[in-house]
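Source file: upload.pdb; contents: PDB, C-alpha atoms.
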ATOM      1  CA  MET H 521     112.259  29.718  68.928
ATOM      2  CA  ARG H 522     111.394  32.623  71.237
ATOM      3  CA  VAL H 523     114.581  34.487  70.283
ATOM      4  CA  SER H 524     114.002  34.148  66.561
ATOM      5  CA  LEU H 525     110.421  35.429  66.911
ATOM      6  CA  ALA H 526     111.676  38.531  68.727
ATOM      7  CA  ALA H 527     114.244  39.082  66.005
ATOM      8  CA  ILE H 528     111.547  38.898  63.339
ATOM      9  CA  ILE H 529     109.349  41.399  65.199
ATOM     10  CA  GLU H 530     112.271  43.772  65.617
ATOM     11  CA  SER H 531     113.132  43.575  61.953
ATOM     12  CA  LYS H 532     109.563  44.610  61.014
ATOM     13  CA  MET H 533     109.531  47.582  63.409
ATOM     14  CA  PRO H 534     111.254  50.845  62.475
ATOM     15  CA  THR H 535     114.276  51.636  64.606
ATOM     16  CA  ASN H 536     114.537  54.837  66.641
ATOM     17  CA  ALA H 537     117.083  56.228  64.191
ATOM     18  CA  GLN H 538     114.862  55.766  61.138
ATOM     19  CA  ALA H 539     111.537  57.073  62.430
ATOM     20  CA  PRO H 540     112.337  60.780  62.989
ATOM     21  CA  ALA H 541     114.009  61.131  59.591
ATOM     22  CA  ARG H 542     110.974  59.727  57.809
ATOM     23  CA  THR H 543     108.631  62.006  59.769
ATOM     24  CA  ALA H 544     110.739  65.067  58.977
ATOM     25  CA  GLY H 545     110.783  64.212  55.271
ATOM     26  CA  GLN H 546     107.014  63.868  55.161
ATOM     27  CA  SER H 547     106.235  67.038  57.094
ATOM     28  CA  SER H 548     108.434  69.391  55.055
ATOM     29  CA  SER H 549     106.597  70.772  52.045
ATOM     30  CA  LEU H 550     109.295  73.326  51.137
ATOM     31  CA  PRO H 551     110.945  71.268  48.357
ATOM     32  CA  VAL H 552     107.614  70.759  46.595
ATOM     33  CA  MET H 553     106.729  74.445  46.968
ATOM     34  CA  VAL H 554     110.138  75.418  45.609
ATOM     35  CA  LEU H 555     109.712  73.077  42.644
ATOM     36  CA  ILE H 556     106.263  74.403  41.747
ATOM     37  CA  ALA H 557     107.231  78.061  42.283
ATOM     38  CA  GLY H 558     110.343  77.586  40.166
ATOM     39  CA  TRP H 559     108.246  76.114  37.380
ATOM     40  CA  LEU H 560     105.561  78.821  37.472
ATOM     41  CA  VAL H 561     107.963  81.789  37.656
ATOM     42  CA  PRO H 562     111.563  81.360  36.447
ATOM     43  CA  GLY H 563     113.985  81.725  39.370
ATOM     44  CA  ALA H 564     111.236  81.833  42.009
ATOM     45  CA  GLY H 565     112.436  78.560  43.531
ATOM     46  CA  HIS H 566     115.843  80.097  44.128
ATOM     47  CA  PHE H 567     114.235  83.260  45.528
ATOM     48  CA  LEU H 568     112.381  81.126  48.105
ATOM     49  CA  LEU H 569     115.744  79.685  49.135
ATOM     50  CA  LYS H 570     117.195  83.221  49.341
ATOM     51  CA  LYS H 571     119.560  82.637  46.437
ATOM     52  CA  TRP H 572     118.872  86.112  45.100
ATOM     53  CA  ILE H 573     121.637  86.435  42.491
ATOM     54  CA  ARG H 574     121.076  82.979  41.004
ATOM     55  CA  GLY H 575     117.326  83.531  40.921
ATOM     56  CA  THR H 576     117.721  86.893  39.209
ATOM     57  CA  LEU H 577     120.110  85.513  36.588
ATOM     58  CA  LEU H 578     117.804  82.569  35.890
ATOM     59  CA  PHE H 579     114.786  84.870  35.662
ATOM     60  CA  ILE H 580     116.524  87.237  33.248
ATOM     61  CA  SER H 581     117.898  84.421  31.083
ATOM     62  CA  ILE H 582     114.669  82.445  30.752
ATOM     63  CA  VAL H 583     112.329  85.425  30.389
ATOM     64  CA  ALA H 584     114.697  86.987  27.824
ATOM     65  CA  MET H 585     114.818  83.780  25.777
ATOM     66  CA  PHE H 586     111.037  83.455  25.854
ATOM     67  CA  SER H 587     110.545  87.147  24.974
ATOM     68  CA  ILE H 588     113.013  86.971  22.105
ATOM     69  CA  GLY H 589     111.169  83.889  20.856
ATOM     70  CA  ILE H 590     107.903  85.836  20.879
ATOM     71  CA  ALA H 591     109.568  88.863  19.233
ATOM     72  CA  LEU H 592     110.926  86.628  16.456
ATOM     73  CA  LYS H 593     107.318  85.533  15.793
ATOM     74  CA  GLY H 594     107.914  81.989  16.958
ATOM     75  CA  LYS H 595     105.088  79.515  17.358
ATOM     76  CA  VAL H 596     103.513  78.768  20.744
ATOM     77  CA  TYR H 597     102.397  75.150  20.708
ATOM     78  CA  THR H 598      98.952  74.038  21.850
ATOM     79  CA  PRO H 599      97.935  70.591  23.165
ATOM     80  CA  ASN H 600      97.944  68.363  20.109
ATOM     81  CA  THR H 601      98.186  64.606  19.832
ATOM     82  CA  SER H 602      98.495  64.342  16.070
ATOM     83  CA  GLU H 603     102.296  64.456  15.820
ATOM     84  CA  LEU H 604     104.925  63.347  18.304
ATOM     85  CA  LEU H 605     107.177  66.371  17.641
ATOM     86  CA  ASP H 606     104.262  68.723  18.311
ATOM     87  CA  VAL H 607     103.625  66.968  21.619
ATOM     88  CA  LEU H 608     107.293  67.246  22.618
ATOM     89  CA  ASN H 609     107.412  70.918  21.643
ATOM     90  CA  PHE H 610     104.230  71.518  23.634
ATOM     91  CA  VAL H 611     105.816  69.890  26.693
ATOM     92  CA  GLY H 612     108.855  72.134  26.244
ATOM     93  CA  ASP H 613     106.651  75.228  25.958
ATOM     94  CA  LEU H 614     104.684  74.153  29.026
ATOM     95  CA  GLY H 615     107.923  74.270  31.011
ATOM     96  CA  ASN H 616     107.709  78.073  30.880
ATOM     97  CA  GLY H 617     104.911  78.003  33.460
ATOM     98  CA  LEU H 618     103.053  81.301  33.736
ATOM     99  CA  LEU H 619     104.892  82.760  30.734
ATOM    100  CA  TYR H 620     103.263  80.098  28.570
ATOM    101  CA  LEU H 621      99.845  80.738  30.098
ATOM    102  CA  ILE H 622     100.154  84.486  29.527
ATOM    103  CA  ALA H 623     101.234  83.920  25.913
ATOM    104  CA  ARG H 624      98.224  81.661  25.326
ATOM    105  CA  VAL H 625      95.776  84.040  26.995
ATOM    106  CA  VAL H 626      97.077  87.074  25.078
ATOM    107  CA  GLY H 627      97.153  85.072  21.860
ATOM    108  CA  LEU H 628     100.852  85.352  21.094
ATOM    109  CA  GLY H 629     102.662  82.954  18.788
ATOM    110  CA  THR H 630      99.647  81.944  16.714
ATOM    111  CA  ALA H 631     100.838  83.256  13.328
ATOM    112  CA  PRO H 632     102.206  80.648  10.901
ATOM    113  CA  VAL H 633     105.998  80.340  10.855
ATOM    114  CA  GLU H 634     107.356  81.592   7.519
ATOM    115  CA  LEU H 635     110.899  82.833   8.137
ATOM    116  CA  ALA H 636     113.939  80.911   9.373
ATOM    117  CA  THR H 637     114.324  83.386  12.227
ATOM    118  CA  ALA H 638     110.716  82.716  13.268
ATOM    119  CA  ASP H 639     111.634  79.040  13.501
ATOM    120  CA  TYR H 640     114.532  80.108  15.717
ATOM    121  CA  GLY H 641     111.981  81.937  17.863
ATOM    122  CA  THR H 642     109.989  78.730  18.240
ATOM    123  CA  LYS H 643     113.092  76.912  19.414
ATOM    124  CA  PHE H 644     114.032  79.750  21.763
ATOM    125  CA  MET H 645     110.701  79.335  23.563
ATOM    126  CA  VAL H 646     110.903  75.542  23.754
ATOM    127  CA  VAL H 647     114.456  75.680  25.093
ATOM    128  CA  ALA H 648     113.488  78.405  27.573
ATOM    129  CA  GLY H 649     110.853  76.024  28.945
ATOM    130  CA  LEU H 650     113.324  73.154  29.222
ATOM    131  CA  LEU H 651     115.865  75.417  30.952
ATOM    132  CA  ASN H 652     113.144  76.535  33.361
ATOM    133  CA  ILE H 653     112.449  72.909  34.262
ATOM    134  CA  ILE H 654     116.181  72.376  34.881
ATOM    135  CA  SER H 655     116.335  75.440  37.142
ATOM    136  CA  ALA H 656     113.210  74.358  39.074
ATOM    137  CA  VAL H 657     114.721  70.905  39.636
ATOM    138  CA  ASP H 658     117.969  72.582  40.723
ATOM    139  CA  ALA H 659     116.059  74.617  43.319
ATOM    140  CA  HIS H 660     114.349  71.424  44.485
ATOM    141  CA  SER H 661     117.731  69.727  44.863
ATOM    142  CA  LEU H 662     118.979  72.669  46.931
ATOM    143  CA  ALA H 663     115.888  72.471  49.158
ATOM    144  CA  THR H 664     116.242  68.744  49.773
ATOM    145  CA  GLY H 665     119.993  69.002  50.362
ATOM    146  CA  ARG H 666     120.916  66.810  47.394
ATOM    147  CA  LYS H 667     122.926  69.769  46.073
ATOM    148  CA  ASN H 668     125.236  71.381  48.610
ATOM    149  CA  SER H 669     125.022  75.078  47.785
TER     150      SER H 669
ATOM    151  CA  MET C 639     112.429  91.871  15.393
ATOM    152  CA  THR C 640     115.023  90.313  13.133
ATOM    153  CA  LEU C 641     118.274  88.595  14.031
ATOM    154  CA  THR C 642     121.088  87.327  11.909
ATOM    155  CA  HIS C 643     121.839  83.635  12.233
ATOM    156  CA  PHE C 644     125.076  84.346  14.054
ATOM    157  CA  SER C 645     123.562  86.791  16.548
ATOM    158  CA  ALA C 646     120.825  84.227  17.230
ATOM    159  CA  VAL C 647     123.554  81.678  18.001
ATOM    160  CA  LEU C 648     125.316  84.117  20.335
ATOM    161  CA  ILE C 649     122.134  85.021  22.247
ATOM    162  CA  PHE C 650     120.989  81.404  22.512
ATOM    163  CA  SER C 651     124.414  80.257  23.678
ATOM    164  CA  PHE C 652     124.772  83.061  26.225
ATOM    165  CA  PHE C 653     121.483  82.518  28.037
ATOM    166  CA  THR C 654     121.737  78.740  27.895
ATOM    167  CA  ALA C 655     125.288  78.899  29.261
ATOM    168  CA  VAL C 656     124.139  81.076  32.179
ATOM    169  CA  VAL C 657     121.458  78.556  33.181
ATOM    170  CA  PHE C 658     123.788  75.584  32.709
ATOM    171  CA  GLY C 659     126.494  77.253  34.780
ATOM    172  CA  ILE C 660     124.161  77.976  37.692
ATOM    173  CA  THR C 661     122.430  74.611  37.714
ATOM    174  CA  GLN C 662     125.315  72.245  36.989
ATOM    175  CA  ARG C 663     127.932  73.538  39.443
ATOM    176  CA  SER C 664     127.853  74.364  43.163
ATOM    177  CA  GLU C 665     130.422  77.122  43.651
ATOM    178  CA  PRO C 666     130.307  80.558  41.973
ATOM    179  CA  ARG C 667     133.811  80.316  40.509
ATOM    180  CA  LEU C 668     133.066  76.909  38.997
ATOM    181  CA  MET C 669     129.727  78.199  37.718
ATOM    182  CA  VAL C 670     131.436  80.972  35.765
ATOM    183  CA  ARG C 671     134.008  78.563  34.363
ATOM    184  CA  PHE C 672     131.385  76.040  33.301
ATOM    185  CA  ALA C 673     129.196  78.761  31.774
ATOM    186  CA  ALA C 674     132.164  80.043  29.752
ATOM    187  CA  PHE C 675     133.029  76.491  28.680
ATOM    188  CA  THR C 676     129.426  75.815  27.635
ATOM    189  CA  PHE C 677     129.249  79.088  25.684
ATOM    190  CA  VAL C 678     132.437  78.316  23.785
ATOM    191  CA  ILE C 679     131.279  74.764  23.038
ATOM    192  CA  PHE C 680     127.906  75.964  21.736
ATOM    193  CA  VAL C 681     129.323  78.707  19.510
ATOM    194  CA  GLY C 682     132.346  76.694  18.420
ATOM    195  CA  GLY C 683     130.224  73.629  17.713
ATOM    196  CA  THR C 684     127.825  75.656  15.597
ATOM    197  CA  ILE C 685     130.667  77.225  13.574
ATOM    198  CA  ALA C 686     132.284  73.805  13.107
ATOM    199  CA  ALA C 687     128.991  72.248  12.010
ATOM    200  CA  SER C 688     128.436  75.156   9.601
ATOM    201  CA  TRP C 689     131.827  74.631   7.956
ATOM    202  CA  LEU C 690     131.176  70.895   7.785
ATOM    203  CA  MET C 691     127.904  71.481   5.963
ATOM    204  CA  TRP C 692     129.650  73.932   3.617
ATOM    205  CA  LEU C 693     132.342  71.324   2.839
ATOM    206  CA  ILE C 694     129.738  68.627   2.210
ATOM    207  CA  LYS C 695     127.884  70.922  -0.183
ATOM    208  CA  HIS C 696     131.035  71.874  -2.113
TER     209      HIS C 696
END
Write out the structure in this file as structure tokens.
Amino acid sequence: MRVSLAAIIESKMPTNAQAPARTAGQSSSLPVMVLIAGWLVPGAGHFLLKKWIRGTLLFISIVAMFSIGIALKGKVYTPNTSELLDVLNFVGDLGNGLLYLIARVVGLGTAPVELATADYGTKFMVVAGLLNIISAVDAHSLATGRKNS
Amino acid sequence: MTLTHFSAVLIFSFFTAVVFGITQRSEPRLMVRFAAFTFVIFVGGTIAASWLMWLIKH
């Protein structure tokens, strides 16, 4: 009876091998910072990890797609709960981080979409936001070590 | 700014392929290969879908 009680107590206590790993995971805020920075500014997560070339390519690609979308007179979505597609497009636009905020503040993308190329512009911006989310998650994976290099 | 449909496809495919290449592979050589593969699939898929729609219409 005494032996089994000790075994139960031991099973409830963290072992020496587990405790430091958990503490290290909780204390490191770099992955979260990288994720948020990568969302706010395209490629910034990779810059924080000193992946300069990748960060630059991501920045150029995402900012160029968003800018072309604006230049094609695409629509910038606002928070709207009336239609599901509008909500999904808004979420995609929101993925652009500060680019989206700047576009909203300046008042870009408010004209009604009339041409097919303007509709392309709308999609360019939504896809740019989704690609930015992918790149931010990629930077997070690099910071946590889930992705090797 | 105005773009033709085809140039819009090329620009979209190029930038998307760059991001996919960087995020979906770990080594630079594999990144370039995957980006090129993605670009070809995007452009080729669009051309194939365009011909399919043309055949359906005619």
Name the residues that the PyMOL selection byres ((chain C) within 8 of (chain H)) picks from the file above, as a VMD selection string, using the file's chain letters and numbers. chain C and resid 639 to 643 646 650 653 to 654 656 to 657 660 to 661 664 to 665
Write the selection just made, keeping C-alpha atoms, as a PDB file, keeping the file's coordinate frame?
ATOM      1  CA  MET C 639     112.429  91.871  15.393  1.00  0.00           C
ATOM      2  CA  THR C 640     115.023  90.313  13.133  1.00  0.00           C
ATOM      3  CA  LEU C 641     118.274  88.595  14.031  1.00  0.00           C
ATOM      4  CA  THR C 642     121.088  87.327  11.909  1.00  0.00           C
ATOM      5  CA  HIS C 643     121.839  83.635  12.233  1.00  0.00           C
ATOM      6  CA  ALA C 646     120.825  84.227  17.230  1.00  0.00           C
ATOM      7  CA  PHE C 650     120.989  81.404  22.512  1.00  0.00           C
ATOM      8  CA  PHE C 653     121.483  82.518  28.037  1.00  0.00           C
ATOM      9  CA  THR C 654     121.737  78.740  27.895  1.00  0.00           C
ATOM     10  CA  VAL C 656     124.139  81.076  32.179  1.00  0.00           C
ATOM     11  CA  VAL C 657     121.458  78.556  33.181  1.00  0.00           C
ATOM     12  CA  ILE C 660     124.161  77.976  37.692  1.00  0.00           C
ATOM     13  CA  THR C 661     122.430  74.611  37.714  1.00  0.00           C
ATOM     14  CA  SER C 664     127.853  74.364  43.163  1.00  0.00           C
ATOM     15  CA  GLU C 665     130.422  77.122  43.651  1.00  0.00           C
TER      16      GLU C 665
END
Evaluate the PyMOL selection byres ((chain C and resi 659) around 8) and record the selected residues as a PyMOL selection string, following the chain and residue labels used in the document. chain C and resi 655-658+660-663+668-673+676
Restricted to C-alpha atoms, what would the selected residues look like written as a CSV table (one decimal), in the coordinates of the input?
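The result, written out as result29.csv:
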chain,number,residue,atom,x,y,z
C,655,ALA,CA,125.3,78.9,29.3
C,656,VAL,CA,124.1,81.1,32.2
C,657,VAL,CA,121.5,78.6,33.2
C,658,PHE,CA,123.8,75.6,32.7
C,660,ILE,CA,124.2,78.0,37.7
C,661,THR,CA,122.4,74.6,37.7
C,662,GLN,CA,125.3,72.2,37.0
C,663,ARG,CA,127.9,73.5,39.4
C,668,LEU,CA,133.1,76.9,39.0
C,669,MET,CA,129.7,78.2,37.7
C,670,VAL,CA,131.4,81.0,35.8
C,671,ARG,CA,134.0,78.6,34.4
C,672,PHE,CA,131.4,76.0,33.3
C,673,ALA,CA,129.2,78.8,31.8
C,676,THR,CA,129.4,75.8,27.6
Taking (126.5, 80.9, 23.6) in the coordinates of the supplied file, I want to know which residues reach to within 6 Å of it, counting only C-alpha atoms; could you give the answer as a PyMOL selection string? chain C and resi 648+650-652+677+680-681
Keeping C-alpha atoms, export the residues of the selection given above as a PDB file, keeping the file's coordinate frame.
ATOM      1  CA  LEU C 648     125.316  84.117  20.335  1.00  0.00           C
ATOM      2  CA  PHE C 650     120.989  81.404  22.512  1.00  0.00           C
ATOM      3  CA  SER C 651     124.414  80.257  23.678  1.00  0.00           C
ATOM      4  CA  PHE C 652     124.772  83.061  26.225  1.00  0.00           C
ATOM      5  CA  PHE C 677     129.249  79.088  25.684  1.00  0.00           C
ATOM      6  CA  PHE C 680     127.906  75.964  21.736  1.00  0.00           C
ATOM      7  CA  VAL C 681     129.323  78.707  19.510  1.00  0.00           C
TER       8      VAL C 681
END
At what distance in Å, to one decimal, does CA of Gly594 (chain H) lie from CA of Met645 (chain H)?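 If I compute the distance from CA of Met645 (chain H) to CA of Gly594 (chain H), I get 7.6 Å.
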Hits of the PyMOL selection byres ((chain H and resi 609) around 12) in this structure, as an MDAnalysis selection string: chainID H and resid 595:601 603:608 610:616 642:650
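As for CA of Leu555 (chain H) and CA of Lys571 (chain H), they are spaced 14.2 Å apart.
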I'd like the box whose edges run along x, y and z of the file and which contains every listed atom of region 641-660 of chain H, padded by 8 Å per side; could you state its centre and edge lengths in Å, one decimal, as JSON?
{"center_x": 114.0, "center_y": 76.4, "center_z": 31.2, "size_x": 24.0, "size_y": 27.0, "size_z": 42.6}
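We find CA of Leu618 (chain H) and CA of Ile573 (chain H) to be spaced 21.2 Å apart.
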